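Heads up, start_9.cif below (mmCIF, C-alpha atoms):
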```cif
data_query
loop_
_atom_site.label_atom_id
_atom_site.label_comp_id
_atom_site.auth_asym_id
_atom_site.auth_seq_id
_atom_site.Cartn_x
_atom_site.Cartn_y
_atom_site.Cartn_z
CA MET A 1 223.23 49.76 334.64
CA ASN A 2 224.95 53.06 334.10
CA GLY A 3 228.65 53.72 334.43
CA SER A 4 231.57 51.42 333.84
CA ARG A 5 232.92 50.70 337.33
CA PHE A 6 231.68 49.28 340.62
CA THR A 7 232.75 50.57 344.02
CA VAL A 8 233.52 47.48 346.07
CA THR A 9 232.80 47.75 349.80
CA THR A 10 234.74 45.54 352.23
CA ALA A 11 235.23 45.35 355.97
CA ARG A 12 238.91 44.40 355.64
CA ALA A 13 241.99 46.55 355.38
CA VAL A 14 243.70 47.17 352.05
CA ALA A 15 246.74 45.07 352.99
CA ALA A 16 245.68 41.73 351.52
CA SER A 17 243.13 42.97 349.03
CA CYS A 18 245.27 43.04 345.89
CA VAL A 19 246.26 39.40 346.43
CA ALA A 20 243.05 37.99 347.83
CA THR A 21 240.82 39.64 345.23
CA ALA A 22 242.78 38.76 342.13
CA LEU A 23 239.49 38.29 340.34
CA LEU A 24 239.01 42.06 340.27
CA ALA A 25 240.19 43.66 337.06
CA ALA A 26 241.84 46.70 338.64
CA CYS A 27 243.26 46.61 342.16
CA GLY A 28 245.23 49.82 342.27
CA GLY A 29 242.39 52.22 341.56
CA SER A 30 243.57 52.80 338.00
CA ASP A 31 241.20 54.29 335.48
CA THR A 32 239.57 51.51 333.46
CA LYS A 33 237.12 51.32 330.58
CA ALA A 34 233.97 49.29 330.23
CA HIS A 35 234.10 46.39 327.80
CA ASP A 36 231.16 45.04 325.84
CA THR A 37 230.30 41.40 326.54
CA SER A 38 230.16 40.78 322.80
CA ARG A 39 233.95 41.03 322.56
CA VAL A 40 236.25 38.05 323.18
CA ALA A 41 239.72 38.18 324.66
CA ALA A 42 241.72 37.77 321.46
CA GLY A 43 241.18 37.25 317.79
CA ASP A 44 237.83 39.03 317.73
CA ALA A 45 237.72 39.41 313.97
CA ALA A 46 238.74 35.80 313.36
CA ALA A 47 236.20 34.48 315.84
CA ALA A 48 233.40 36.53 314.32
CA ALA A 49 234.27 35.26 310.85
CA GLU A 50 233.96 31.61 311.86
CA ALA A 51 230.73 29.67 311.73
CA CYS A 52 228.87 29.01 314.96
CA GLY A 53 230.09 25.43 315.09
CA PRO A 54 228.31 22.11 314.59
CA ALA A 55 224.61 22.66 314.18
CA GLY A 56 223.57 19.62 316.18
CA ALA A 57 219.94 19.20 315.24
CA GLY A 58 219.22 17.32 318.47
CA PRO A 59 216.57 14.65 319.01
CA VAL A 60 213.53 14.78 316.75
CA PRO A 61 210.34 14.16 318.76
CA ARG A 62 207.80 11.67 317.51
CA GLY A 63 204.17 11.25 318.38
CA ALA A 64 200.82 12.85 317.76
CA LEU A 65 201.37 16.53 317.01
CA ALA A 66 198.96 19.36 316.33
CA VAL A 67 199.11 20.78 312.82
CA VAL A 68 197.11 23.45 311.01
CA GLN A 69 194.55 22.30 308.48
CA PHE A 70 193.79 24.81 305.73
CA GLY A 71 190.95 22.85 304.17
CA ALA A 72 189.32 19.50 303.47
CA PHE A 73 188.06 18.59 299.98
CA ALA A 74 186.18 15.83 298.23
CA ASP A 75 188.14 16.61 295.05
CA SER A 76 191.90 15.90 295.08
CA ALA A 77 192.47 18.49 292.35
CA ARG A 78 191.10 21.29 294.54
CA ALA A 79 193.29 20.14 297.41
CA ALA A 80 196.33 20.11 295.14
CA GLY A 81 195.49 23.57 293.83
CA LEU A 82 195.31 25.01 297.35
CA ALA A 83 198.56 23.29 298.30
CA ASP A 84 200.30 24.77 295.24
CA SER A 85 198.99 28.23 296.09
CA LEU A 86 200.13 27.96 299.70
CA GLY A 87 203.51 26.60 298.65
CA GLY A 88 204.02 29.57 296.35
CA ALA A 89 203.31 31.88 299.28
CA GLY A 90 206.03 30.22 301.37
CA TRP A 91 204.08 27.61 303.35
CA ARG A 92 205.36 24.09 303.95
CA VAL A 93 202.22 22.02 303.34
CA ALA A 94 201.23 18.46 302.55
CA VAL A 95 198.13 16.85 301.09
CA SER A 96 196.95 13.73 302.88
CA ARG A 97 193.95 11.45 302.52
CA ASP A 98 191.75 10.50 305.46
CA GLU A 99 188.31 9.01 305.89
CA GLY A 100 185.10 10.98 305.45
CA ALA A 101 183.11 12.87 302.86
CA ALA A 102 186.00 15.29 302.28
CA PRO A 103 189.04 13.03 302.54
CA TRP A 104 191.68 15.27 300.94
CA ARG A 105 193.26 17.41 303.67
CA VAL A 106 195.71 20.29 303.15
CA ARG A 107 197.86 20.74 306.23
CA THR A 108 201.07 22.35 307.39
CA ALA A 109 204.07 20.10 307.80
CA PRO A 110 204.51 18.76 311.36
CA ALA A 111 206.05 21.34 313.66
CA ALA A 112 208.41 20.91 316.59
CA ASP A 113 205.59 21.50 319.09
CA SER A 114 201.83 21.96 319.22
CA ALA A 115 202.15 25.56 320.44
CA TYR A 116 203.34 26.56 316.98
CA ALA A 117 200.21 25.14 315.33
CA ARG A 118 197.94 26.98 317.77
CA LEU A 119 199.80 30.24 317.14
CA VAL A 120 199.57 29.92 313.36
CA ALA A 121 195.86 29.02 313.45
CA HIS A 122 195.13 31.98 315.74
CA ALA A 123 196.90 34.40 313.39
CA LEU A 124 195.04 33.01 310.38
CA ARG A 125 191.69 33.38 312.14
CA LEU A 126 192.51 37.00 313.01
CA ALA A 127 192.96 37.54 309.27
CA ARG A 128 189.59 35.80 308.67
CA ARG A 129 191.21 32.86 306.92
CA PRO A 130 189.84 29.37 307.64
CA ALA A 131 192.15 27.28 309.79
CA ALA A 132 191.74 24.43 312.26
CA VAL A 133 194.17 22.76 314.61
CA VAL A 134 194.04 18.99 314.20
CA SER A 135 196.08 16.07 315.42
CA ALA A 136 198.67 14.66 313.06
CA ALA A 137 199.60 11.02 312.80
CA ASP A 138 202.69 9.55 314.44
CA GLU A 139 205.23 11.67 312.59
CA PRO A 140 208.58 13.29 313.38
CA GLY A 141 208.15 16.87 314.54
CA GLY A 142 211.30 18.46 313.17
CA GLY A 143 209.77 21.74 312.07
CA VAL A 144 209.43 25.15 313.70
CA GLY A 145 208.99 25.43 317.46
CA VAL A 146 207.98 28.42 319.55
CA VAL A 147 209.20 29.31 323.06
CA PRO A 148 207.48 32.07 325.11
CA VAL A 149 210.05 34.43 326.60
CA ASN A 150 207.95 35.04 329.71
CA ARG A 151 205.50 32.47 331.09
CA GLY A 152 204.74 34.59 334.16
CA SER A 153 202.88 37.86 334.66
CA HIS A 154 203.08 40.43 331.87
CA GLY A 155 202.18 43.33 334.17
CA MET A 156 200.45 46.43 332.84
CA SER A 157 203.10 46.91 330.18
CA ALA A 158 206.44 45.34 329.38
CA ARG A 159 209.70 46.53 327.90
CA VAL A 160 211.37 44.32 325.30
CA ARG A 161 215.15 44.23 324.94
CA TRP A 162 217.81 41.95 323.53
CA THR A 163 221.56 41.61 323.09
CA ALA A 164 223.77 39.34 320.98
CA SER A 165 227.33 38.04 321.07
CA ALA A 166 229.86 39.60 318.70
CA ASP A 167 229.60 36.68 316.26
CA ARG A 168 225.79 36.69 316.60
CA CYS A 169 225.83 32.98 317.39
CA ALA A 170 224.03 33.69 320.68
CA LEU A 171 221.04 35.88 321.48
CA LEU A 172 219.56 36.93 324.85
CA VAL A 173 215.97 38.24 324.84
CA VAL A 174 214.18 39.76 327.86
CA GLU A 175 210.59 40.72 328.61
CA ASP A 176 210.64 43.24 331.48
CA PRO A 177 207.10 43.94 332.77
CA ALA A 178 206.01 46.55 335.31
CA ALA A 179 202.86 47.05 337.40
CA VAL A 180 200.36 49.91 337.28
CA GLU A 181 202.58 52.42 339.13
CA ALA A 182 205.75 51.17 337.42
CA GLU A 183 206.28 48.87 340.39
CA PRO A 184 208.56 45.88 339.78
CA VAL A 185 207.26 42.66 338.25
CA PRO A 186 209.64 39.71 337.66
CA ASN A 187 211.06 39.32 334.16
CA GLY A 188 211.28 36.38 331.77
CA PHE A 189 214.17 35.67 329.42
CA VAL A 190 215.50 33.30 326.75
CA LEU A 191 219.14 32.77 325.90
CA ALA A 192 219.54 30.86 322.64
CA THR A 193 222.80 29.85 320.99
CA GLU A 194 223.57 28.04 317.76
CA ARG A 195 226.59 26.44 319.41
CA GLY A 196 224.98 23.13 320.27
CA PRO A 197 222.32 24.43 319.75
CA ALA A 198 221.09 25.26 323.23
CA LEU A 199 218.24 27.29 324.69
CA VAL A 200 217.68 28.46 328.27
CA GLN A 201 214.34 29.95 329.34
CA ARG A 202 213.58 31.23 332.82
CA ASP A 203 210.78 33.18 334.46
CA SER A 204 210.83 35.02 337.79
CA ALA A 205 214.06 36.95 337.26
CA TRP A 206 214.87 40.50 338.32
CA ASP A 207 217.78 40.82 335.91
CA VAL A 208 220.05 38.68 333.71
CA ALA A 209 223.46 39.05 332.06
CA PRO A 210 225.59 36.74 329.86
CA SER A 211 229.19 35.97 330.77
CA PRO A 212 231.82 37.59 328.51
CA ASP A 213 232.27 34.32 326.58
CA TRP A 214 228.51 33.60 326.52
CA THR A 215 228.95 30.12 328.01
CA ARG A 216 227.21 31.08 331.28
CA LEU A 217 224.68 33.57 332.47
CA VAL A 218 223.77 35.00 335.83
CA TYR A 219 220.28 36.03 336.83
CA GLY A 220 218.63 37.25 340.00
CA ARG A 221 215.87 34.80 340.86
CA ALA A 222 212.84 36.82 341.97
CA PHE A 223 210.68 36.15 345.01
CA MET A 224 207.73 38.22 346.24
CA LEU A 225 205.94 38.43 349.58
CA GLN A 226 202.58 40.21 349.60
CA GLY A 227 200.90 41.74 352.65
CA ARG A 228 197.43 41.24 351.12
CA GLU A 229 195.86 44.36 352.69
CA ARG A 230 197.66 43.86 356.03
CA ASP A 231 200.05 46.37 357.53
CA SER A 232 202.75 43.79 358.37
CA ILE A 233 204.00 40.32 357.40
CA PRO A 234 203.65 37.54 360.01
CA ALA A 235 206.82 35.73 361.07
CA ALA A 236 205.47 32.45 359.74
CA GLU A 237 205.24 33.90 356.21
CA TRP A 238 208.82 35.20 356.41
CA ALA A 239 209.88 31.69 357.40
CA ALA A 240 207.94 30.20 354.46
CA LEU A 241 209.59 32.68 352.10
CA ALA A 242 213.02 31.77 353.47
CA ARG A 243 212.34 28.10 352.70
CA ARG A 244 211.43 29.01 349.11
CA VAL A 245 214.56 31.13 348.72
CA GLY A 246 216.72 28.44 350.32
CA LEU A 247 218.41 30.70 352.89
CA ASP A 248 217.88 31.41 356.57
CA VAL A 249 215.23 33.86 357.68
CA ALA A 250 217.69 36.47 358.93
CA ALA A 251 219.51 36.58 355.57
CA VAL A 252 216.23 36.86 353.65
CA ARG A 253 214.94 39.69 355.82
CA ARG A 254 218.23 41.58 355.45
CA GLY A 255 218.12 41.16 351.67
CA ALA A 256 214.43 42.03 351.25
CA PHE A 257 213.39 45.33 349.69
CA VAL A 258 210.12 47.24 349.51
CA ALA A 259 208.41 46.32 346.21
CA SER A 260 205.29 48.49 346.30
CA GLY A 261 204.40 52.05 347.15
CA MET A 262 200.69 51.30 347.54
CA ALA A 263 200.61 48.15 349.69
CA VAL A 264 202.84 46.07 351.93
CA ALA A 265 204.99 43.97 349.61
CA TYR A 266 208.60 42.83 349.67
CA GLY A 267 210.90 41.46 347.01
CA VAL A 268 213.96 39.24 347.44
CA SER A 269 216.55 38.07 344.96
CA ARG A 270 218.94 35.12 345.00
CA PRO A 271 221.65 34.99 342.32
CA VAL A 272 221.85 31.93 340.07
CA ILE A 273 224.57 30.95 337.56
CA VAL A 274 223.48 28.83 334.58
CA GLU A 275 225.69 26.74 332.29
CA VAL A 276 224.21 27.47 328.88
CA ALA A 277 225.23 24.22 327.16
CA SER A 278 223.58 21.97 329.73
CA GLY A 279 221.05 24.27 331.38
CA ALA A 280 222.43 23.24 334.79
CA GLU A 281 222.21 26.01 337.36
CA ARG A 282 223.76 26.80 340.74
CA ALA A 283 222.27 29.23 343.23
CA LEU A 284 224.83 31.29 345.14
CA PRO A 285 224.46 31.20 348.96
CA THR A 286 223.51 34.84 349.33
CA THR A 287 220.79 37.33 348.50
CA GLY A 288 221.36 40.02 345.88
CA GLY A 289 220.68 40.25 342.19
CA TRP A 290 218.19 43.07 341.73
CA ARG A 291 220.74 43.93 339.05
CA VAL A 292 223.49 41.58 337.86
CA ALA A 293 226.68 41.80 335.79
CA TRP A 294 230.00 40.03 335.20
CA THR A 295 233.54 41.25 335.62
CA ARG A 296 235.45 41.49 332.37
CA ASP A 297 237.40 38.27 332.94
CA GLY A 298 234.25 36.28 333.77
CA GLY A 299 235.68 35.19 337.12
CA ALA A 300 233.17 37.08 339.25
CA VAL A 301 229.64 38.36 339.21
CA ALA A 302 228.48 41.73 340.51
CA LEU A 303 225.23 41.75 342.46
CA GLY A 304 223.14 44.88 342.82
CA SER A 305 221.34 45.00 346.15
CA ALA A 306 217.98 46.57 347.01
CA PRO A 307 216.63 49.31 344.69
CA SER A 308 216.56 52.83 346.09
CA LEU A 309 212.91 53.34 345.03
CA THR A 310 209.92 51.09 344.34
CA GLN A 311 209.97 51.57 340.56
CA ASP A 312 210.99 48.80 338.18
CA PHE A 313 213.69 50.93 336.52
CA THR A 314 215.43 51.95 339.78
CA PRO A 315 219.17 51.17 340.10
CA PRO A 316 220.54 49.29 343.13
CA THR A 317 221.83 51.03 346.24
CA ARG A 318 225.07 49.01 346.37
CA TRP A 319 227.10 46.54 344.30
CA ASP A 320 228.81 43.46 345.77
CA VAL A 321 231.29 41.32 343.86
CA VAL A 322 231.10 37.53 344.30
CA ASP A 323 233.52 34.93 343.03
CA ALA A 324 231.68 32.97 340.34
CA GLY A 325 233.79 29.85 340.84
CA THR A 326 234.24 29.43 344.57
CA ARG A 327 231.11 31.28 345.77
CA ALA A 328 233.29 33.35 348.12
CA ALA A 329 231.99 36.87 348.59
CA ARG A 330 234.69 39.39 347.77
CA SER A 331 232.84 42.31 349.28
CA ALA A 332 231.08 42.27 352.63
CA SER A 333 227.85 43.98 353.54
CA GLU A 334 229.49 45.59 356.57
CA ARG A 335 230.49 49.22 356.10
CA ALA A 336 232.74 49.78 359.13
CA ARG A 337 235.71 50.43 356.90
CA SER A 338 235.72 50.71 353.14
CA LEU A 339 238.04 50.04 350.24
CA ASP A 340 237.35 51.91 347.01
CA ALA A 341 238.57 50.00 343.98
CA ASP A 342 237.74 50.15 340.30
CA VAL A 343 236.25 46.89 339.09
CA GLU A 344 236.23 46.56 335.34
CA ARG A 345 232.95 45.08 334.23
CA ALA A 346 231.58 43.63 331.03
CA VAL A 347 228.91 46.00 329.80
CA VAL A 348 225.95 44.46 328.03
CA ALA A 349 224.93 46.41 324.92
CA TRP A 350 221.15 46.10 325.02
CA THR A 351 218.83 47.02 322.17
CA ASP A 352 215.41 48.31 323.21
CA GLY A 353 212.44 47.02 321.26
CA PRO A 354 208.74 47.84 321.12
CA THR A 355 206.70 48.13 324.32
CA ILE A 356 204.10 45.43 324.93
CA ASP A 357 201.00 47.27 326.13
CA PHE A 358 197.26 46.76 326.10
CA GLY A 359 196.64 49.98 324.17
CA VAL A 360 199.52 49.65 321.69
CA ALA A 361 199.11 47.61 318.53
CA PRO A 362 202.25 45.60 317.68
CA PRO A 363 204.08 46.45 314.45
CA ARG A 364 203.38 44.32 311.39
CA GLU A 365 206.56 45.03 309.46
CA SER A 366 210.23 45.59 310.27
CA ALA A 367 213.55 46.01 308.50
CA PRO A 368 215.06 42.81 307.06
CA ILE A 369 217.48 40.90 309.29
CA ALA A 370 220.50 39.38 307.58
CA VAL A 371 221.35 35.76 308.42
CA ASP A 372 223.87 33.37 306.91
CA GLY A 373 222.79 32.63 303.35
CA GLY A 374 219.67 34.77 303.41
CA ARG A 375 217.48 37.19 305.30
CA LEU A 376 214.41 37.34 307.53
CA GLU A 377 211.63 39.65 306.37
CA SER A 378 208.49 40.71 308.23
CA ARG A 379 205.61 41.85 306.08
CA ASP A 380 201.89 42.07 306.64
CA GLY A 381 202.15 40.33 310.01
CA TRP A 382 204.15 37.28 308.86
CA ILE A 383 207.85 36.41 309.04
CA HIS A 384 209.52 34.91 305.98
CA LEU A 385 212.96 33.36 305.57
CA THR A 386 214.40 34.01 302.12
CA THR A 387 217.63 32.25 301.16
CA ASP A 388 220.17 33.29 298.56
CA GLY A 389 219.06 30.35 296.44
CA ASP A 390 215.42 31.47 296.24
CA ARG A 391 214.30 32.99 293.00
CA GLU A 392 214.18 36.77 292.78
CA GLY A 393 210.93 38.11 294.16
CA GLY A 394 210.01 34.80 295.77
CA ALA A 395 208.12 34.65 299.04
CA GLY A 396 210.68 32.52 300.86
CA ARG A 397 209.55 30.18 303.62
CA VAL A 398 206.94 31.21 306.19
CA VAL A 399 208.51 31.09 309.65
CA GLY A 400 205.34 32.08 311.46
CA PRO A 401 203.10 35.03 312.37
CA GLY A 402 204.43 38.23 313.90
CA VAL A 403 207.31 40.61 313.34
CA ALA A 404 210.97 39.59 313.70
CA LEU A 405 213.02 41.69 316.11
CA ALA A 406 216.39 39.91 316.17
CA ALA A 407 217.97 36.61 315.15
CA THR A 408 221.06 34.52 315.62
CA ARG A 409 223.60 34.50 312.83
CA GLY A 410 222.40 31.33 311.14
CA GLY A 411 218.72 32.15 311.59
CA ARG A 412 218.10 29.15 313.88
CA PHE A 413 216.58 31.38 316.60
CA VAL A 414 214.34 34.37 315.90
CA ALA A 415 212.96 36.74 318.54
CA ALA A 416 209.52 37.98 317.50
CA LEU A 417 206.38 39.74 318.66
CA VAL A 418 203.41 37.53 317.79
CA PRO A 419 199.63 37.66 318.32
CA ASP A 420 198.70 36.01 321.62
CA PRO A 421 196.44 32.93 321.17
CA GLY A 422 195.64 32.87 324.90
CA ARG A 423 194.83 36.55 325.24
CA ARG A 424 192.24 37.50 327.82
CA GLU A 425 190.07 40.63 327.69
CA TYR A 426 192.54 43.02 329.29
CA ASP A 427 195.78 41.41 328.09
CA PRO A 428 197.98 43.07 325.46
CA PRO A 429 197.43 41.74 321.93
CA ALA A 430 201.02 40.58 321.46
CA ARG A 431 203.50 38.37 323.25
CA LEU A 432 207.26 37.93 322.95
CA VAL A 433 208.53 34.56 321.74
CA VAL A 434 211.60 32.93 320.25
CA TYR A 435 211.06 30.79 317.16
CA ARG A 436 213.33 27.79 316.93
CA LEU A 437 213.91 26.83 313.30
CA PRO A 438 215.21 23.49 312.04
CA GLU A 439 218.37 23.15 310.03
CA ARG A 440 217.92 24.26 306.45
CA ALA A 441 217.29 20.87 305.00
CA GLY A 442 214.22 19.34 303.49
CA GLY A 443 212.94 22.71 302.27
CA TRP A 444 214.54 25.05 304.80
#
```
Let me see the file written as structure tokens.
Amino acid sequence: MNGSRFTVTTARAVAASCVATALLAACGGSDTKAHDTSRVAAGDAAAAAEACGPAGAGPVPRGALAVVQFGAFADSARAAGLADSLGGAGWRVAVSRDEGAAPWRVRTAPAADSAYARLVAHALRLARRPAAVVSAADEPGGGVGVVPVNRGSHGMSARVRWTASADRCALLVVEDPAAVEAEPVPNGFVLATERGPALVQRDSAWDVAPSPDWTRLVYGRAFMLQGRERDSIPAAEWAALARRVGLDVAAVRRGAFVASGMAVAYGVSRPVIVEVASGAERALPTTGGWRVAWTRDGGAVALGSAPSLTQDFTPPTRWDVVDAGTRAARSASERARSLDADVERAVVAWTDGPTIDFGVAPPRESAPIAVDGGRLESRDGWIHLTTDGDREGGAGRVVGPGVALAATRGGRFVAALVPDPGRREYDPPARLVVYRLPERAGGW
């Protein structure tokens, strides 16, 4: 989104606008500046200096979990030697005894989910190191977890971007794929915050933006309707799409936009507001949301309507401002008469990351990322967390495979490009994930 102001279109006269639209930041057409969402209303420096609040480890799952087994030995001394070697390299491992000819097993500590074990084993096999995923006993899984940023289509290539709050307690990560002719493909995103902590992951989004205080986010929920080699869409399929969107057919057809230059395809967006702490969401009763933003005060959201072209990077043709609290539209789609007003918006300062592409190998190293009490380092395809208490030159703790791109202030959430365990023949070799680390206790 370029520029710092929206032109609000209404079908009402100016007379009542300055009172009725008090949510707008500037009602008299005064010149206003854009404000970064990472800033808070007052006491910015003090807020940034504070910790992110109670860590709140949350419930620890129990049950049979998948872990990575590095080896099985008949001799306990050999098992202990391997465990010592792995521990010195930063791995959290344990030696256990099971039945069989080689009862001494060297395994990673239980993770927060089985996806982490599969990812680690895949990366080890790529490096031609023996590894097997096995089932652990009934143990607490309080270790590292991994959350894919996008569970939907990855397109032909995908842009990676992220943004963080001023205090770095919260991080928003987006995978933005596109089709073969740069045609739009829905995005996936993760918003993670150490205040709680809390994590929100959604697929099928055209765009997403955090509120100025980072307690809410708005995204445009994406819907697609394909012609499938036909030259038109039957009325019954428009009706089915309207049921999926949750609006009437006439509203959906008005809000639909052409989503392909090679075939008959339409896209539709419905805006959704999410409460980050609880994950609860509320869909607004309108279409719009090809692009989304917040006003500076967080009282309203700005919805970008249909793109002017069929490319994924195309800006919207119009912006409408909608009250985020009452759902009342503050700008109408009618254009009989217009009111030009400057609406001060919160500008999201995005950082662009590497492109995920079939023909592009992901990086294996990156610059260190400072976190409270330590740093994250990516070297030789693995991410390590080194704390200030670690000995000089030590390996730190292995977070997982990949390269770290960004992290929250305390290092609880780490955005990373990792090798894809489920890669098919024509898929890119890497995928975008967010690692969720436990509190730094018991070895962290």
Excluding Gln226 of chain A and its own-chain neighbours fewer than 3 positions away, which residues fall within 7 Å of it when counting all atoms listed in the file? Please give them as a compact mmCIF listing (two decimals) with C-alpha atoms, in the coordinates of the input.
```txt
# COMPACT_ATOMS: atom_id res chain seq x y z
CA VAL A 264 202.84 46.07 351.93
CA ALA A 265 204.99 43.97 349.61
CA TYR A 266 208.60 42.83 349.67
```
A:Asp323, A:Glu425, A:Asp352, A:Asp312: which is nearest Ala182 of chain A, counting all atoms listed in the file?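 Distance minimum relative to Ala182 of chain A lands on A:Asp312.
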Got a sec: who's within 12 Å of Leu124 of chain A, counting all atoms listed in the file, leaving out chain neighbours fewer than 4 positions off, as a list in words? Val68, Gln69, Phe70, Ala117, Arg118, Leu119, Val120, Arg128, Arg129, Pro130, Ala131, Ala132, Val133, Asp380, Gly381, Trp382, Gly400, Pro401, Gly402, Pro419 and Pro421 of chain A
Identify all residues satisfying the PyMOL selection byres ((chain A and resi 200) around 12) in the given file; provide them as a ChimeraX atom specification. /A:147-150,170-174,188-193,197-199,201-203,208,210,215-219,273-281,434
Could you expand the PyMOL selection byres ((chain A and resi 293) around 12) into the explicit residues it covers here, written as a ChimeraX atom specification? /A:1-2,4-6,34-37,207-212,216-220,271-273,288-292,294-304,319-322,324,343-349
Kindly extract all protein, DNA and RNA residues lying within 12 Å of the coordinates (215.1, 43.5, 309.8) given in the file, considering all atoms listed in the file, and supply them as an NGL selection string. :A and (364-371 or 374-379 or 383-385 or 403-407 or 414-416)
Selection to disk with C-alpha atoms, as a PDB file, in the frame of the given file:
```pdb
ATOM      1  CA  ARG A 364     203.380  44.320 311.390  1.00  0.00           C
ATOM      2  CA  GLU A 365     206.560  45.030 309.460  1.00  0.00           C
ATOM      3  CA  SER A 366     210.230  45.590 310.270  1.00  0.00           C
ATOM      4  CA  ALA A 367     213.550  46.010 308.500  1.00  0.00           C
ATOM      5  CA  PRO A 368     215.060  42.810 307.060  1.00  0.00           C
ATOM      6  CA  ILE A 369     217.480  40.900 309.290  1.00  0.00           C
ATOM      7  CA  ALA A 370     220.500  39.380 307.580  1.00  0.00           C
ATOM      8  CA  VAL A 371     221.350  35.760 308.420  1.00  0.00           C
ATOM      9  CA  GLY A 374     219.670  34.770 303.410  1.00  0.00           C
ATOM     10  CA  ARG A 375     217.480  37.190 305.300  1.00  0.00           C
ATOM     11  CA  LEU A 376     214.410  37.340 307.530  1.00  0.00           C
ATOM     12  CA  GLU A 377     211.630  39.650 306.370  1.00  0.00           C
ATOM     13  CA  SER A 378     208.490  40.710 308.230  1.00  0.00           C
ATOM     14  CA  ARG A 379     205.610  41.850 306.080  1.00  0.00           C
ATOM     15  CA  ILE A 383     207.850  36.410 309.040  1.00  0.00           C
ATOM     16  CA  HIS A 384     209.520  34.910 305.980  1.00  0.00           C
ATOM     17  CA  LEU A 385     212.960  33.360 305.570  1.00  0.00           C
ATOM     18  CA  VAL A 403     207.310  40.610 313.340  1.00  0.00           C
ATOM     19  CA  ALA A 404     210.970  39.590 313.700  1.00  0.00           C
ATOM     20  CA  LEU A 405     213.020  41.690 316.110  1.00  0.00           C
ATOM     21  CA  ALA A 406     216.390  39.910 316.170  1.00  0.00           C
ATOM     22  CA  ALA A 407     217.970  36.610 315.150  1.00  0.00           C
ATOM     23  CA  VAL A 414     214.340  34.370 315.900  1.00  0.00           C
ATOM     24  CA  ALA A 415     212.960  36.740 318.540  1.00  0.00           C
ATOM     25  CA  ALA A 416     209.520  37.980 317.500  1.00  0.00           C
TER      26      ALA A 416
END
```
For the structure shown, which residues end up in the PyMOL selection byres ((chain A and resi 73) around 9)? Put them as a PyMOL selection string, please? chain A and resi 71-72+74-79+101-106
Create the file for the chosen residues now, containing C-alpha atoms and written as a CSV table (one decimal), in the frame of the given file.
```
chain,number,residue,atom,x,y,z
A,71,GLY,CA,191.0,22.8,304.2
A,72,ALA,CA,189.3,19.5,303.5
A,74,ALA,CA,186.2,15.8,298.2
A,75,ASP,CA,188.1,16.6,295.0
A,76,SER,CA,191.9,15.9,295.1
A,77,ALA,CA,192.5,18.5,292.4
A,78,ARG,CA,191.1,21.3,294.5
A,79,ALA,CA,193.3,20.1,297.4
A,101,ALA,CA,183.1,12.9,302.9
A,102,ALA,CA,186.0,15.3,302.3
A,103,PRO,CA,189.0,13.0,302.5
A,104,TRP,CA,191.7,15.3,300.9
A,105,ARG,CA,193.3,17.4,303.7
A,106,VAL,CA,195.7,20.3,303.2
```
Atom CA of Arg424 of chain A to atom CA of Gln311 of chain A: how many Å, to one decimal?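 Between atom CA of Arg424 of chain A and atom CA of Gln311 of chain A the gap is 26.0 Å.
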Interatomic distance (Å, one decimal) between atom CA of Ser269 of chain A and atom CA of Trp206 of chain A: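 If I compute the distance from atom CA of Ser269 of chain A to atom CA of Trp206 of chain A, I get 7.3 Å.
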